[in-house]
Structure formats: C-alpha cells, structure tokens
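**Q** Here you go, work22.tsv (TSV, C-alpha atoms and all ligand atoms):
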```
chain	number	residue	atom	x	y	z
A	1	MET	CA	102.99	111.21	80.21
A	2	PRO	CA	102.05	108.20	78.01
A	3	CYS	CA	100.71	104.85	79.24
A	4	PRO	CA	103.69	102.80	80.52
A	5	CYS	CA	102.03	99.62	79.18
A	6	CYS	CA	101.09	100.59	75.62
A	7	GLY	CA	102.28	104.19	75.12
A	8	GLU	CA	98.82	105.64	74.50
A	9	LYS	CA	97.32	108.73	76.08
A	10	LEU	CA	96.28	108.75	79.75
A	11	ASN	CA	93.21	110.54	81.06
A	12	VAL	CA	93.00	111.87	84.61
A	13	ILE	CA	90.07	110.09	86.30
A	14	GLY	CA	90.59	111.28	89.85
A	15	SER	CA	93.09	111.70	92.61
A	16	ARG	CA	93.86	110.41	96.06
A	17	ARG	CA	95.75	111.61	99.07
A	18	ARG	CA	98.99	109.86	99.85
A	19	ASN	CA	100.58	110.19	103.29
A	20	TYR	CA	104.31	109.80	103.66
A	21	ARG	CA	107.11	110.48	106.09
A	22	GLU	CA	110.36	112.31	105.57
A	23	ARG	CA	113.73	111.26	106.93
A	24	SER	CA	113.05	113.34	110.06
A	25	GLY	CA	109.87	111.35	110.64
A	26	GLU	CA	107.73	114.37	109.79
A	27	LYS	CA	104.38	113.48	108.16
A	28	LYS	CA	103.50	114.94	104.75
A	29	VAL	CA	100.54	114.61	102.41
A	30	LEU	CA	100.69	114.49	98.63
A	31	VAL	CA	97.87	114.35	96.08
A	32	ILE	CA	98.47	111.64	93.49
A	33	ARG	CA	96.51	111.57	90.22
A	34	ARG	CA	94.65	108.45	89.11
A	35	LEU	CA	95.05	107.95	85.36
A	36	ARG	CA	93.32	105.60	82.93
A	37	CYS	CA	94.74	104.63	79.56
A	38	THR	CA	92.50	105.57	76.62
A	39	ASP	CA	93.54	102.37	74.85
A	40	CYS	CA	94.32	99.42	77.16
A	41	GLN	CA	92.13	100.87	79.98
A	42	LYS	CA	94.75	100.09	82.66
A	43	ILE	CA	94.68	102.37	85.67
A	44	HIS	CA	97.95	103.96	86.79
A	45	HIS	CA	98.83	106.18	89.72
A	46	GLU	CA	101.41	108.88	89.38
A	47	LEU	CA	104.41	107.88	91.46
A	48	PRO	CA	106.94	110.53	92.38
A	49	ASP	CA	110.53	109.29	92.36
A	50	PHE	CA	110.89	109.84	96.09
A	51	LEU	CA	108.16	107.35	97.03
A	52	VAL	CA	107.92	103.55	96.87
A	53	PRO	CA	104.42	102.09	96.34
A	54	TYR	CA	102.75	101.10	99.64
A	55	LYS	CA	105.68	102.38	101.72
A	56	ARG	CA	105.20	105.30	104.10
A	57	TYR	CA	108.78	106.49	104.31
A	58	GLN	CA	110.51	108.26	101.44
A	59	ALA	CA	112.54	106.04	99.11
A	60	ASP	CA	115.87	107.50	100.24
A	61	CYS	CA	115.08	106.50	103.85
A	62	LEU	CA	114.45	102.87	102.89
A	63	GLU	CA	117.45	102.88	100.59
A	64	LYS	CA	119.74	104.16	103.34
A	65	ALA	CA	118.42	101.67	105.91
A	66	LEU	CA	118.87	98.79	103.45
A	67	SER	CA	122.23	99.60	101.89
A	68	GLU	CA	124.01	101.49	104.68
A	69	PRO	CA	122.42	100.27	107.92
A	70	GLU	CA	125.52	101.11	109.98
A	71	THR	CA	125.21	104.85	109.29
A	72	CYS	CA	121.42	104.98	109.16
A	73	ASP	CA	120.03	108.14	110.76
A	74	ILE	CA	116.36	107.69	109.89
A	75	ALA	CA	113.80	108.65	112.52
A	76	ALA	CA	112.18	105.21	112.38
A	77	ASP	CA	112.28	102.65	115.17
A	78	ASN	CA	114.30	99.44	114.94
A	79	ALA	CA	111.16	97.34	114.47
A	80	MET	CA	110.29	99.38	111.36
A	81	ILE	CA	113.80	98.99	109.92
A	82	TYR	CA	113.66	95.26	110.68
A	83	ARG	CA	110.37	95.03	108.73
A	84	TRP	CA	111.98	96.84	105.77
A	85	GLU	CA	114.82	94.31	105.79
A	86	LYS	CA	112.35	91.41	105.89
A	87	TRP	CA	110.35	93.03	103.06
A	88	PHE	CA	113.48	93.52	100.99
A	89	CYS	CA	114.74	89.95	101.50
A	90	ALA	CA	111.31	88.48	100.72
A	91	LEU	CA	110.89	90.39	97.46
A	92	ALA	CA	114.39	91.02	96.08
A	93	ASP	CA	114.46	87.85	93.97
A	94	TYR	CA	111.07	88.75	92.54
A	95	TRP	CA	112.26	92.29	91.67
A	96	ILE	CA	115.41	90.96	90.02
A	97	ASN	CA	113.28	88.60	87.91
A	98	CYS	CA	110.92	91.46	87.02
A	99	LEU	CA	113.81	93.69	85.93
A	100	HIS	CA	115.25	90.94	83.75
A	101	ALA	CA	111.85	90.26	82.19
A	102	ILE	CA	111.30	93.99	81.54
A	103	HIS	CA	114.77	94.30	80.09
A	104	LEU	CA	114.20	91.37	77.75
A	105	CYS	CA	110.69	92.39	76.69
A	106	PHE	CA	110.92	96.13	76.25
A	107	GLN	CA	114.57	97.27	76.33
A	108	LEU	CA	113.14	100.45	77.83
A	109	GLU	CA	115.20	103.45	76.88
A	110	LYS	CA	113.98	105.58	79.75
A	111	ASP	CA	114.48	102.86	82.38
A	112	PRO	CA	117.66	101.12	81.23
A	113	VAL	CA	118.67	97.98	83.10
A	114	ASN	CA	121.96	96.21	82.64
A	115	PRO	CA	122.30	92.59	81.51
A	116	MET	CA	121.79	89.65	83.83
A	117	PRO	CA	124.35	89.57	86.66
A	118	THR	CA	126.36	86.42	87.20
A	119	GLY	CA	128.18	84.84	90.12
A	120	SER	CA	127.19	84.35	93.73
A	121	LEU	CA	126.33	87.87	94.80
A	122	THR	CA	124.00	89.10	97.54
A	123	VAL	CA	120.61	90.27	96.33
A	124	LEU	CA	121.66	93.86	97.02
A	125	GLU	CA	124.76	93.38	94.85
A	126	GLN	CA	122.67	91.76	92.11
A	127	LEU	CA	120.26	94.69	92.13
A	128	GLY	CA	123.26	97.02	92.09
A	129	GLN	CA	124.50	95.35	88.94
A	130	ILE	CA	121.15	95.93	87.27
A	131	VAL	CA	120.29	99.48	88.32
A	132	SER	CA	123.74	100.56	89.67
A	133	THR	CA	124.45	101.09	93.35
A	134	GLY	CA	124.61	104.89	93.32
A	135	SER	CA	122.17	107.07	95.23
A	136	GLY	CA	118.61	106.53	94.00
A	137	TRP	CA	118.93	102.79	93.25
A	138	LEU	CA	115.67	101.99	95.01
A	139	SER	CA	113.74	104.42	92.79
A	140	ARG	CA	115.53	103.20	89.66
A	141	MET	CA	114.45	99.68	90.60
A	142	THR	CA	110.90	100.59	91.61
A	143	ARG	CA	109.87	102.72	88.63
A	144	PRO	CA	110.18	100.21	85.76
A	145	ILE	CA	108.48	97.49	87.82
A	146	ALA	CA	105.61	99.77	88.93
A	147	ASN	CA	105.24	101.07	85.37
A	148	VAL	CA	104.30	97.64	84.05
A	149	ASN	CA	102.02	96.95	87.04
A	150	LEU	CA	104.25	94.24	88.47
A	151	TRP	CA	104.81	96.00	91.79
A	152	VAL	CA	103.34	93.99	94.65
A	153	GLN	CA	102.78	94.85	98.28
A	154	THR	CA	103.86	91.48	99.66
A	155	ARG	CA	105.62	88.42	98.36
A	156	PRO	CA	103.51	86.86	95.58
A	157	THR	CA	101.96	83.57	96.74
A	158	PHE	CA	103.41	81.70	93.77
A	159	LEU	CA	106.88	82.44	95.10
A	160	SER	CA	106.15	81.31	98.68
A	161	GLU	CA	107.66	78.12	99.97
B	1	ZN	ZN	97.75	101.57	77.87
```
Written as structure tokens, that's how I'd like the structure from this file.

**A**
Amino acid sequence: MPCPCCGEKLNVIGSRRRNYRERSGEKKVLVIRRLRCTDCQKIHHELPDFLVPYKRYQADCLEKALSEPETCDIAADNAMIYRWEKWFCALADYWINCLHAIHLCFQLEKDPVNPMPTGSLTVLEQLGQIVSTGSGWLSRMTRPIANVNLWVQTRPTFLSE
C-alpha cells in the first residue's frame, strides 16, 4: 500500500495491539502495523475497514446506533450510545468540511466523494449525500479523512464555541 499523503513507499516500523469490541460486546485484539513513508516521513497506522480510529466498537456498531437507533441491537449501554451521538454531533460538520476539502484537493479515485450537498439537511443526510447512506457509510467517511491525517479524537479547538 502506498503513502496516502504522497503515494511513495511505506516501510513497516513496528506494530501495536488494538483492542476492539464486536456487536455482541465480545472483546477482540488485532495487531496493527505502524508504517513510515520513505519520502514525506509521515507515520500511518493500518486501519481495517471495520474499525474507526480511537473507537472501541466496530464501525458497523457505531453506524447502526447513529443511523438506525430505533432498531439498534448493540451490546453497549445507553450511556455509551449517548456518547457516540454526542461525538457524532460534535464532529460531523468537521468531517463534512474535511470530505469537501479532500474532494477538491485530490479527487481521489479510490475514495470518491460526491459534490457538495445543498439545502437544509441534517448532518447525517449531508454525509449520506457525500458518501451515500448504504451500509458501510461510516467507513467510507472515515477512510479518506484518516488517510490524510485529518482524523481527530475530539472536536478540534478551533471549531469550539
Ligand atoms: Zn508520504
């Protein structure tokens, strides 16, 4: 896999253990490789499609809780799901801006995003217009943002009120 920033070769410089939880709540461990670009020197971590950076639960669990809360059957307590909703609301505008910026700058063939949505839509609907609402939207949104190192754990301070 080439460097997502500049397209040059990546060298494996180590690995780390990543804990995550499945829909059932069962704990799993995955080994993720640490990679450094031979050209721009940026460090990347391999991110499987089923995980979201910094989030314990699999992407499909978060996606289900966020887009279909009424039929959510995830083995996570209500406080956890409430925190996911807060996280999503706090960062959705930032993600939408990131996706537009990526789309304008790179026109990435492997991570296509659709043109800027218009009208007064919810943030979920806006994201749906960019990465489509079908199953896997959270991963389709996460990957291009993480690939250019714009993924953040919490709301960036420059966006805070
Ligand atoms: Zn690079």

**Q** Any idea what the distance is between atom CA of Pro4 of chain A and atom CA of Asn147 of chain A?

**A**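 Answer for the atom CA of Pro4 of chain A to atom CA of Asn147 of chain A separation: 5.4 Å.
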
**Q** With distances taken over all atoms listed in the file, which of A:Thr38, A:Asn19, A:Gly25, A:Gln126 is nearest to Ile74 of chain A?

**A**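 Among the listed residues, the smallest separation from Ile74 of chain A belongs to A:Gly25.
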
**Q** Name the closest residue to Pro144 of chain A among the candidates A:Ile96, A:Glu22, A:Asn11, A:Lys42; distances are taken between atoms, counting all atoms listed in the file.

**A**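 Of A:Ile96, A:Glu22, A:Asn11, A:Lys42, the one nearest Pro144 of chain A, counting all atoms listed in the file, is A:Ile96.
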
**Q** Would you work out the distance separating atom CA of Trp137 of chain A from atom CA of Glu70 of chain A, expressed in Å to one decimal?

**A**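 We find that atom CA of Trp137 of chain A and atom CA of Glu70 of chain A lie 18.1 Å from each other.
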
**Q** Looking at A:Val148, A:Ile32, A:Leu91, A:Val131, which one is nearest to Cys6 of chain A, with distances taken over all atoms listed in the file?

**A**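 For Cys6 of chain A, the nearest of the candidates is A:Val148.
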
**Q** For ligand ZN 1 (chain B), list the contacting residues at 10 Å or closer, counting all atoms listed in the file, as a list of chain:residue names.

**A**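 Within the 10 Å cut-off, the matching residues are A:Pro2, A:Cys3, A:Pro4, A:Cys5, A:Cys6, A:Gly7, A:Glu8, A:Lys9, A:Leu10, A:Arg36, A:Cys37, A:Thr38, A:Asp39, A:Cys40, A:Gln41, A:Lys42, A:Ile43, A:His44, A:Val148.
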
**Q** List the spatial neighbours of Lys86 of chain A as a list of chain:residue names - criterion: any atom at most 12 Å away, all atoms listed in the file, same-chain residues fewer than 4 positions off excluded.

**A**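 In the requested format, the answer is A:Ala65, A:Leu66, A:Ala79, A:Met80, A:Ile81, A:Tyr82, A:Ala90, A:Leu91, A:Ala92, A:Thr154, A:Arg155.
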
**Q** How many Å separate atom CA of Val152 of chain A from atom CA of Glu26 of chain A?

**A**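 Atom CA of Val152 of chain A sits 25.8 Å away from atom CA of Glu26 of chain A.
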
**Q** As an mmCIF file with C-alpha atoms, in the frame of the given file, please: the residues near segment 12-16 of chain A (cut-off 6 Å, all atoms listed in the file, same-chain neighbours under 6 positions excluded).

**A**
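Dumped to part19.cif:
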```cif
data_model
loop_
_atom_site.group_PDB
_atom_site.id
_atom_site.type_symbol
_atom_site.label_atom_id
_atom_site.label_comp_id
_atom_site.auth_asym_id
_atom_site.auth_seq_id
_atom_site.Cartn_x
_atom_site.Cartn_y
_atom_site.Cartn_z
ATOM 1 C CA VAL A 31 97.870 114.350 96.080
ATOM 2 C CA ILE A 32 98.470 111.640 93.490
ATOM 3 C CA ARG A 33 96.510 111.570 90.220
ATOM 4 C CA ARG A 34 94.650 108.450 89.110
ATOM 5 C CA LEU A 35 95.050 107.950 85.360
#
```

**Q** Rank A:Lys27, A:Arg83, A:Arg21, A:His45 by their smallest atom-to-atom distance to Ala146 of chain A, using all atoms listed in the file, and report the top residue only.

**A**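 Checking each candidate against Ala146 of chain A, we get A:His45 as the closest.
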
**Q** Under the rule that only C-alpha atoms are counted, which of A:Ile102, A:Asp93, A:Val52, A:Gln153 is the nearest residue to Leu121 of chain A?

**A**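 When distances to Leu121 of chain A are compared using only C-alpha atoms, the smallest one comes from A:Asp93.
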
**Q** Considering all atoms listed in the file, can you say which of A:Leu104, A:Ile145, A:Leu138, A:Cys61 comes closest to Arg23 of chain A?

**A**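 Closest candidate: A:Cys61.
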
**Q** Which residues, written as a count of residues only, have at least one atom at most 9 Å from Ala59 of chain A, with all atoms listed in the file counted and residues fewer than 4 positions away on the same chain left out?

**A** 10

**Q** With all atoms of segment 117-134 of chain A from the file as input, state the centre and edge lengths in Å to one decimal of the axis-aligned box that has 6 Å extra on each side, as lines of an AutoDock Vina configuration file.

**A**
```
center_x = 124.2
center_y = 94.6
center_z = 92.1
size_x = 19.9
size_y = 32.5
size_z = 22.9
```
